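Single-structure report; data block below.
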Amino acid sequence: MIHPFFLTPTLMLNVLIVDDEPLALDVLETYIEQMPELHLVKRCSNALEANEALKNNEIDLMFLDIQMPQLTGIDFVKTLTKPPMIVFTTAYANYAIQGFDLNALDYLLKPISLERFMKAVNKAMEQADLMNNTSGNHIPESSEFFFVKADKKLVKVNFDDILYIEGLKDYVIIRLKNSRVITLQTMKSLEDKLPHGRFKRIHRSYIVAMDKILA
């Protein structure tokens, strides 16, 4: 019997590993080789090498050490306009809050076990799958929900729960029956995700749910 861990995956992530310690790179590379859903594109010893690798390759996931010479992993991420999914690796727990403030997917403390590594990869696969399903502007009419990024995570929004949508500069406020979701995107990009006929843009800053309008 073939263990499901070794089945050919339907989604594969291109991975970059960045660490100034060769042994740490060796450990990550060994783990990656055991996971068929991961493809190691390159191993880098500093942020400058990693920056070049990001420019020249399609990278989905980066395992990034925090304490490195010249430029720390945290400062490096701050320079990126479109960073891939980030998993920070470090021997110091006190960097965790800074890491998650940068929307890091996970934070691995060294020495990193295979079990903990796999947990981080599972998070990445789940997020990549969600992003693939919601990356297009058009949502199939049969869908009853969509995802937006809010509060540093993907939030599921049911169409039936939407009362109206309000644009506020670079943000969009989705007003729901019992709550609200604030996401960084344009009204146009969100409007394109809504099913036709169920929502109407009545003003450049407002979209309303047609079935929530009271006569």
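Convention: chains lettered A, B, ... in structure tokens order; per-chain residue numbering from 1; ligands numbered from 1 as shown.
Excluding Ile165 in chain A itself and any same-chain residue fewer than 3 positions from it, the protein and nucleic acid residues within 8 Å of it, counting only C-alpha atoms, are Ile162, Val172, Ile173, Ile174, Arg175, Ser205, Tyr206, Ile207 and Val208 of chain A.
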Limited to C-alpha atoms, could you put the picked residues into a file as a compact mmCIF listing (two decimals), in the first residue's frame?
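The file below, again.txt, is the result:
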# COMPACT_ATOMS: atom_id res chain seq x y z
CA ILE A 162 -23.75 40.54 2.44
CA VAL A 172 -13.42 47.87 0.90
CA ILE A 173 -15.81 47.29 3.80
CA ILE A 174 -18.12 44.30 3.34
CA ARG A 175 -21.10 44.81 5.63
CA SER A 205 -18.51 53.84 -3.34
CA TYR A 206 -21.46 51.50 -2.75
CA ILE A 207 -22.64 48.09 -3.95
CA VAL A 208 -25.88 46.72 -2.54
So which residues touch Asn46 in chain A within 10 Å, counting only C-alpha atoms, skipping near sequence neighbours fewer than 4 positions away, as number ranges by chain?
A: 17-21, 50-51, 64-65, 67-73, 76
Neighbour list for Leu25 in chain A as a CSV table (one decimal) with all heavy atoms, in the first residue's frame, cut-off 12 Å, only C-alpha atoms, skip fewer than 2 positions in-chain:
chain,number,residue,atom,x,y,z
A,16,LEU,N,11.9,28.4,-2.3
A,16,LEU,CA,13.2,29.0,-2.1
A,16,LEU,C,13.6,28.9,-0.6
A,16,LEU,O,12.8,29.2,0.3
A,16,LEU,CB,13.2,30.5,-2.5
A,16,LEU,CG,14.5,31.3,-2.5
A,16,LEU,CD1,15.4,30.8,-3.6
A,16,LEU,CD2,14.2,32.8,-2.7
A,17,ILE,N,14.8,28.5,-0.3
A,17,ILE,CA,15.3,28.4,1.1
A,17,ILE,C,16.4,29.4,1.3
A,17,ILE,O,17.4,29.4,0.4
A,17,ILE,CB,15.6,27.0,1.5
A,17,ILE,CG1,16.6,26.3,0.6
A,17,ILE,CG2,14.4,26.1,1.6
A,17,ILE,CD1,17.1,24.9,1.0
A,18,VAL,N,16.4,30.1,2.3
A,18,VAL,CA,17.4,31.2,2.6
A,18,VAL,C,17.9,31.1,4.0
A,18,VAL,O,17.1,31.2,4.9
A,18,VAL,CB,16.8,32.6,2.3
A,18,VAL,CG1,17.9,33.7,2.3
A,18,VAL,CG2,16.0,32.7,1.0
A,19,ASP,N,19.2,30.9,4.1
A,19,ASP,CA,19.8,30.8,5.5
A,19,ASP,C,21.3,30.9,5.3
A,19,ASP,O,21.9,30.4,4.3
A,19,ASP,CB,19.5,29.4,6.1
A,19,ASP,CG,19.6,29.4,7.6
A,19,ASP,OD1,20.7,29.8,8.1
A,19,ASP,OD2,18.6,29.1,8.3
A,20,ASP,N,22.0,31.6,6.2
A,20,ASP,CA,23.4,31.7,6.1
A,20,ASP,C,24.2,30.6,6.7
A,20,ASP,O,25.4,30.5,6.6
A,20,ASP,CB,23.9,33.0,6.8
A,20,ASP,CG,23.5,33.0,8.3
A,20,ASP,OD1,22.4,32.6,8.7
A,20,ASP,OD2,24.4,33.5,9.1
A,21,GLU,N,23.4,29.6,7.3
A,21,GLU,CA,24.1,28.4,7.8
A,21,GLU,C,23.9,27.2,6.9
A,21,GLU,O,22.7,26.8,6.6
A,21,GLU,CB,23.5,28.0,9.2
A,21,GLU,CG,23.6,29.1,10.3
A,21,GLU,CD,23.0,28.8,11.6
A,21,GLU,OE1,22.4,27.6,11.7
A,21,GLU,OE2,23.0,29.6,12.5
A,22,PRO,N,24.9,26.7,6.3
A,22,PRO,CA,24.8,25.5,5.4
A,22,PRO,C,24.1,24.3,6.0
A,22,PRO,O,23.3,23.7,5.2
A,22,PRO,CB,26.3,25.2,5.1
A,22,PRO,CG,27.0,26.5,5.3
A,22,PRO,CD,26.3,27.1,6.4
A,23,LEU,N,24.3,24.1,7.2
A,23,LEU,CA,23.6,22.9,7.9
A,23,LEU,C,22.1,23.1,7.9
A,23,LEU,O,21.4,22.2,7.6
A,23,LEU,CB,24.2,22.7,9.3
A,23,LEU,CG,23.6,21.5,10.0
A,23,LEU,CD1,23.8,20.2,9.3
A,23,LEU,CD2,24.2,21.4,11.4
A,27,VAL,N,19.2,20.7,6.1
A,27,VAL,CA,18.1,20.1,6.8
A,27,VAL,C,16.8,20.4,6.0
A,27,VAL,O,16.0,19.5,5.7
A,27,VAL,CB,17.9,20.7,8.2
A,27,VAL,CG1,16.6,20.3,8.8
A,27,VAL,CG2,19.1,20.2,9.1
A,28,LEU,N,16.6,21.7,5.6
A,28,LEU,CA,15.4,22.1,4.8
A,28,LEU,C,15.4,21.3,3.5
A,28,LEU,O,14.3,20.9,3.0
A,28,LEU,CB,15.4,23.6,4.6
A,28,LEU,CG,15.2,24.4,5.8
A,28,LEU,CD1,15.3,25.9,5.5
A,28,LEU,CD2,13.8,24.2,6.4
A,29,GLU,N,16.5,21.3,2.8
A,29,GLU,CA,16.6,20.6,1.5
A,29,GLU,C,16.2,19.1,1.7
A,29,GLU,O,15.5,18.5,0.8
A,29,GLU,CB,17.9,20.7,0.9
A,29,GLU,CG,18.0,20.1,-0.5
A,29,GLU,CD,19.3,20.4,-1.2
A,29,GLU,OE1,20.2,21.1,-0.7
A,29,GLU,OE2,19.5,19.9,-2.4
A,30,THR,N,16.7,18.5,2.7
A,30,THR,CA,16.3,17.1,3.0
A,30,THR,C,14.8,16.9,3.2
A,30,THR,O,14.2,16.0,2.6
A,30,THR,CB,17.1,16.5,4.2
A,30,THR,OG1,18.5,16.6,4.0
A,30,THR,CG2,16.7,15.1,4.5
A,31,TYR,N,14.2,17.8,3.9
A,31,TYR,CA,12.8,17.7,4.2
A,31,TYR,C,12.0,17.9,2.9
A,31,TYR,O,11.0,17.2,2.6
A,31,TYR,CB,12.4,18.8,5.2
A,31,TYR,CG,12.8,18.5,6.6
A,31,TYR,CD1,12.7,19.5,7.6
A,31,TYR,CD2,13.3,17.3,7.0
A,31,TYR,CE1,13.1,19.3,8.9
A,31,TYR,CE2,13.7,17.0,8.3
A,31,TYR,CZ,13.6,18.0,9.3
A,31,TYR,OH,13.9,17.8,10.6
A,32,ILE,N,12.4,18.9,2.1
A,32,ILE,CA,11.8,19.2,0.8
A,32,ILE,C,11.8,18.0,-0.1
A,32,ILE,O,10.8,17.7,-0.8
A,32,ILE,CB,12.4,20.5,0.2
A,32,ILE,CG1,12.0,21.7,1.0
A,32,ILE,CG2,11.9,20.7,-1.3
A,32,ILE,CD1,12.8,23.0,0.6
A,40,LEU,N,12.2,22.4,-5.0
A,40,LEU,CA,13.2,23.3,-4.5
A,40,LEU,C,13.8,24.0,-5.8
A,40,LEU,O,14.5,23.3,-6.6
A,40,LEU,CB,14.3,22.6,-3.7
A,40,LEU,CG,15.5,23.5,-3.3
A,40,LEU,CD1,15.0,24.6,-2.4
A,40,LEU,CD2,16.5,22.6,-2.5
A,42,LYS,N,15.9,26.9,-5.5
A,42,LYS,CA,17.3,27.4,-5.2
A,42,LYS,C,17.5,27.5,-3.7
A,42,LYS,O,16.5,27.7,-3.0
A,42,LYS,CB,17.6,28.7,-5.9
A,42,LYS,CG,19.0,29.1,-5.8
A,42,LYS,CD,19.3,30.3,-6.7
A,42,LYS,CE,20.8,30.7,-6.7
A,42,LYS,NZ,21.1,31.9,-7.5
A,43,ARG,N,18.7,27.3,-3.2
A,43,ARG,CA,19.1,27.6,-1.9
A,43,ARG,C,20.0,28.8,-1.9
A,43,ARG,O,20.9,28.9,-2.7
A,43,ARG,CB,19.7,26.4,-1.2
A,43,ARG,CG,20.7,25.6,-2.0
A,43,ARG,CD,21.2,24.4,-1.3
A,43,ARG,NE,22.1,24.6,-0.2
A,43,ARG,CZ,22.4,23.7,0.7
A,43,ARG,NH1,21.9,22.5,0.6
A,43,ARG,NH2,23.2,24.0,1.7
A,44,CYS,N,19.8,29.7,-1.0
A,44,CYS,CA,20.5,31.0,-0.9
A,44,CYS,C,21.1,31.2,0.5
A,44,CYS,O,20.5,30.8,1.5
A,44,CYS,CB,19.6,32.2,-1.3
A,44,CYS,SG,18.8,32.0,-2.9
A,45,SER,N,22.2,31.9,0.6
A,45,SER,CA,22.9,32.1,1.8
A,45,SER,C,22.7,33.5,2.4
A,45,SER,O,23.1,33.7,3.5
A,45,SER,CB,24.4,31.8,1.7
A,45,SER,OG,25.0,32.6,0.8
A,46,ASN,N,22.1,34.3,1.6
A,46,ASN,CA,21.8,35.7,2.1
A,46,ASN,C,20.6,36.3,1.4
A,46,ASN,O,20.2,35.8,0.4
A,46,ASN,CB,23.0,36.6,2.1
A,46,ASN,CG,23.6,36.6,0.6
A,46,ASN,OD1,23.0,37.1,-0.3
A,46,ASN,ND2,24.8,36.2,0.5
A,63,PHE,N,11.2,29.7,2.6
A,63,PHE,CA,11.7,29.5,4.0
A,63,PHE,C,12.8,30.4,4.3
A,63,PHE,O,13.9,30.3,3.6
A,63,PHE,CB,12.1,28.0,4.2
A,63,PHE,CG,10.9,27.1,4.2
A,63,PHE,CD1,10.5,26.5,3.0
A,63,PHE,CD2,10.2,26.8,5.4
A,63,PHE,CE1,9.4,25.6,3.0
A,63,PHE,CE2,9.1,25.9,5.3
A,63,PHE,CZ,8.7,25.4,4.1
A,64,LEU,N,12.7,31.4,5.2
A,64,LEU,CA,13.6,32.5,5.3
A,64,LEU,C,14.1,32.6,6.8
A,64,LEU,O,13.3,32.8,7.7
A,64,LEU,CB,12.9,33.8,4.9
A,64,LEU,CG,13.7,35.1,5.0
A,64,LEU,CD1,14.9,35.0,4.1
A,64,LEU,CD2,12.7,36.2,4.7
A,65,ASP,N,15.4,32.5,6.9
A,65,ASP,CA,16.1,32.7,8.2
A,65,ASP,C,16.0,34.2,8.6
A,65,ASP,O,16.0,35.1,7.7
A,65,ASP,CB,17.5,32.3,8.1
A,65,ASP,CG,18.2,32.4,9.5
A,65,ASP,OD1,17.5,32.2,10.5
A,65,ASP,OD2,19.4,32.6,9.5
A,89,THR,N,12.3,31.0,9.7
A,89,THR,CA,13.0,30.0,10.4
A,89,THR,C,14.1,30.7,11.3
A,89,THR,O,14.8,31.6,10.8
A,89,THR,CB,13.7,29.0,9.5
A,89,THR,OG1,14.7,29.7,8.7
A,89,THR,CG2,12.7,28.3,8.6
A,110,LYS,N,14.3,26.7,15.3
A,110,LYS,CA,15.3,25.7,15.1
A,110,LYS,C,15.6,25.0,16.5
A,110,LYS,O,15.5,25.7,17.5
A,110,LYS,CB,16.6,26.3,14.6
A,110,LYS,CG,16.4,27.0,13.2
A,110,LYS,CD,17.7,27.7,12.8
A,110,LYS,CE,17.5,28.4,11.4
A,110,LYS,NZ,18.7,29.1,11.0
A,111,PRO,N,16.0,23.8,16.5
A,111,PRO,CA,16.1,22.8,15.3
A,111,PRO,C,14.7,22.4,14.9
A,111,PRO,O,13.8,22.2,15.7
A,111,PRO,CB,16.8,21.6,15.9
A,111,PRO,CG,16.5,21.7,17.4
A,111,PRO,CD,16.4,23.1,17.7
A,112,ILE,N,14.5,22.4,13.6
A,112,ILE,CA,13.2,22.2,13.0
A,112,ILE,C,12.9,20.7,12.8
A,112,ILE,O,13.7,20.0,12.1
A,112,ILE,CB,13.0,22.9,11.6
A,112,ILE,CG1,13.3,24.4,11.8
A,112,ILE,CG2,11.7,22.7,11.0
A,112,ILE,CD1,13.4,25.2,10.6
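Nearest to Gly167 in chain A of all the residues A:Glu144, A:Glu115, A:Asp151, A:Glu191 is A:Glu191, based on only C-alpha atoms.
You will find CA of Glu166 in chain A at 18.4 Å from CA of Leu214 in chain A.
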Please return as JSON, numbers by chain: the residues of range 48-99 of chain A that backbone DSSP assigns to strand (DSSP E).
{"A": [61, 62, 63, 64, 65, 85, 86, 87, 88, 89, 90]}
Residues as selected, all heavy atoms, written as a PDB file, in the first residue's frame, can you do that?
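This went into out.pdb:
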ATOM      1  N   LEU A  61       6.748  29.786  -2.295  1.00  0.00           N
ATOM      2  CA  LEU A  61       6.971  29.658  -0.857  1.00  0.00           C
ATOM      3  C   LEU A  61       8.449  29.855  -0.539  1.00  0.00           C
ATOM      4  O   LEU A  61       9.306  29.257  -1.194  1.00  0.00           O
ATOM      5  CB  LEU A  61       6.509  28.279  -0.385  1.00  0.00           C
ATOM      6  CG  LEU A  61       6.753  27.884   1.066  1.00  0.00           C
ATOM      7  CD1 LEU A  61       6.009  28.804   2.020  1.00  0.00           C
ATOM      8  CD2 LEU A  61       6.320  26.427   1.289  1.00  0.00           C
ATOM      9  N   MET A  62       8.730  30.688   0.467  1.00  0.00           N
ATOM     10  CA  MET A  62      10.116  30.927   0.854  1.00  0.00           C
ATOM     11  C   MET A  62      10.305  30.636   2.337  1.00  0.00           C
ATOM     12  O   MET A  62       9.611  31.204   3.187  1.00  0.00           O
ATOM     13  CB  MET A  62      10.503  32.375   0.548  1.00  0.00           C
ATOM     14  CG  MET A  62      11.932  32.731   0.957  1.00  0.00           C
ATOM     15  SD  MET A  62      12.554  34.280   0.219  1.00  0.00           S
ATOM     16  CE  MET A  62      11.336  35.471   0.812  1.00  0.00           C
ATOM     17  N   PHE A  63      11.228  29.731   2.644  1.00  0.00           N
ATOM     18  CA  PHE A  63      11.652  29.488   4.017  1.00  0.00           C
ATOM     19  C   PHE A  63      12.828  30.417   4.268  1.00  0.00           C
ATOM     20  O   PHE A  63      13.887  30.285   3.640  1.00  0.00           O
ATOM     21  CB  PHE A  63      12.050  28.026   4.214  1.00  0.00           C
ATOM     22  CG  PHE A  63      10.886  27.082   4.186  1.00  0.00           C
ATOM     23  CD1 PHE A  63      10.463  26.514   2.988  1.00  0.00           C
ATOM     24  CD2 PHE A  63      10.194  26.776   5.355  1.00  0.00           C
ATOM     25  CE1 PHE A  63       9.378  25.648   2.958  1.00  0.00           C
ATOM     26  CE2 PHE A  63       9.107  25.908   5.335  1.00  0.00           C
ATOM     27  CZ  PHE A  63       8.699  25.354   4.129  1.00  0.00           C
ATOM     28  N   LEU A  64      12.656  31.355   5.199  1.00  0.00           N
ATOM     29  CA  LEU A  64      13.593  32.461   5.337  1.00  0.00           C
ATOM     30  C   LEU A  64      14.117  32.591   6.766  1.00  0.00           C
ATOM     31  O   LEU A  64      13.336  32.768   7.712  1.00  0.00           O
ATOM     32  CB  LEU A  64      12.881  33.760   4.922  1.00  0.00           C
ATOM     33  CG  LEU A  64      13.656  35.064   5.013  1.00  0.00           C
ATOM     34  CD1 LEU A  64      14.871  35.045   4.094  1.00  0.00           C
ATOM     35  CD2 LEU A  64      12.733  36.230   4.656  1.00  0.00           C
ATOM     36  N   ASP A  65      15.419  32.507   6.903  1.00  0.00           N
ATOM     37  CA  ASP A  65      16.056  32.719   8.200  1.00  0.00           C
ATOM     38  C   ASP A  65      15.952  34.204   8.564  1.00  0.00           C
ATOM     39  O   ASP A  65      15.960  35.071   7.684  1.00  0.00           O
ATOM     40  CB  ASP A  65      17.514  32.284   8.135  1.00  0.00           C
ATOM     41  CG  ASP A  65      18.202  32.356   9.488  1.00  0.00           C
ATOM     42  OD1 ASP A  65      17.513  32.185  10.514  1.00  0.00           O
ATOM     43  OD2 ASP A  65      19.417  32.591   9.514  1.00  0.00           O
ATOM     44  N   MET A  85       4.599  33.411  -0.274  1.00  0.00           N
ATOM     45  CA  MET A  85       4.274  32.970   1.077  1.00  0.00           C
ATOM     46  C   MET A  85       5.582  32.810   1.853  1.00  0.00           C
ATOM     47  O   MET A  85       6.555  32.286   1.318  1.00  0.00           O
ATOM     48  CB  MET A  85       3.509  31.644   1.040  1.00  0.00           C
ATOM     49  CG  MET A  85       2.107  31.756   0.460  1.00  0.00           C
ATOM     50  SD  MET A  85       1.213  30.177   0.483  1.00  0.00           S
ATOM     51  CE  MET A  85       2.060  29.288  -0.839  1.00  0.00           C
ATOM     52  N   ILE A  86       5.587  33.289   3.095  1.00  0.00           N
ATOM     53  CA  ILE A  86       6.807  33.304   3.886  1.00  0.00           C
ATOM     54  C   ILE A  86       6.668  32.414   5.118  1.00  0.00           C
ATOM     55  O   ILE A  86       5.683  32.507   5.852  1.00  0.00           O
ATOM     56  CB  ILE A  86       7.155  34.733   4.361  1.00  0.00           C
ATOM     57  CG1 ILE A  86       7.277  35.696   3.180  1.00  0.00           C
ATOM     58  CG2 ILE A  86       8.442  34.718   5.191  1.00  0.00           C
ATOM     59  CD1 ILE A  86       8.451  35.462   2.297  1.00  0.00           C
ATOM     60  N   VAL A  87       7.664  31.560   5.331  1.00  0.00           N
ATOM     61  CA  VAL A  87       7.794  30.830   6.583  1.00  0.00           C
ATOM     62  C   VAL A  87       9.153  31.214   7.167  1.00  0.00           C
ATOM     63  O   VAL A  87      10.194  30.934   6.573  1.00  0.00           O
ATOM     64  CB  VAL A  87       7.717  29.304   6.387  1.00  0.00           C
ATOM     65  CG1 VAL A  87       8.025  28.590   7.705  1.00  0.00           C
ATOM     66  CG2 VAL A  87       6.347  28.895   5.871  1.00  0.00           C
ATOM     67  N   PHE A  88       9.134  31.917   8.298  1.00  0.00           N
ATOM     68  CA  PHE A  88      10.381  32.318   8.934  1.00  0.00           C
ATOM     69  C   PHE A  88      10.980  31.143   9.701  1.00  0.00           C
ATOM     70  O   PHE A  88      10.256  30.347  10.323  1.00  0.00           O
ATOM     71  CB  PHE A  88      10.149  33.479   9.895  1.00  0.00           C
ATOM     72  CG  PHE A  88      10.021  34.815   9.212  1.00  0.00           C
ATOM     73  CD1 PHE A  88       8.843  35.535   9.273  1.00  0.00           C
ATOM     74  CD2 PHE A  88      11.094  35.356   8.511  1.00  0.00           C
ATOM     75  CE1 PHE A  88       8.733  36.768   8.647  1.00  0.00           C
ATOM     76  CE2 PHE A  88      10.999  36.583   7.876  1.00  0.00           C
ATOM     77  CZ  PHE A  88       9.807  37.293   7.953  1.00  0.00           C
ATOM     78  N   THR A  89      12.300  31.033   9.666  1.00  0.00           N
ATOM     79  CA  THR A  89      13.020  30.018  10.443  1.00  0.00           C
ATOM     80  C   THR A  89      14.060  30.733  11.285  1.00  0.00           C
ATOM     81  O   THR A  89      14.806  31.581  10.775  1.00  0.00           O
ATOM     82  CB  THR A  89      13.705  28.997   9.528  1.00  0.00           C
ATOM     83  OG1 THR A  89      14.688  29.665   8.723  1.00  0.00           O
ATOM     84  CG2 THR A  89      12.687  28.326   8.612  1.00  0.00           C
ATOM     85  N   THR A  90      14.127  30.407  12.568  1.00  0.00           N
ATOM     86  CA  THR A  90      15.070  31.081  13.450  1.00  0.00           C
ATOM     87  C   THR A  90      15.249  30.297  14.743  1.00  0.00           C
ATOM     88  O   THR A  90      14.428  29.454  15.083  1.00  0.00           O
ATOM     89  CB  THR A  90      14.582  32.505  13.789  1.00  0.00           C
ATOM     90  OG1 THR A  90      15.545  33.168  14.613  1.00  0.00           O
ATOM     91  CG2 THR A  90      13.257  32.470  14.517  1.00  0.00           C
TER      92      THR A  90
END
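Going from CA of Leu176 in chain A to CA of Val148 in chain A covers 13.6 Å.
Of note, CA of Leu38 in chain A and CA of Pro84 in chain A are spaced 14.2 Å apart.
Distances to Val157 in chain A were evaluated for A:His203, A:Lys78, A:Lys123, A:Lys193 using only C-alpha atoms, and the minimum falls at A:Lys193.
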Output as a PyMOL selection string all residues of range 111-215 of chain A that backbone DSSP marks as alpha helix (DSSP H).
chain A and resi 114-134+187-191
Hey, what's within 8 Å of Arg198 in chain A if we count only C-alpha atoms and toss same-chain stuff fewer than 6 positions away? As a count of residues only, please?
3
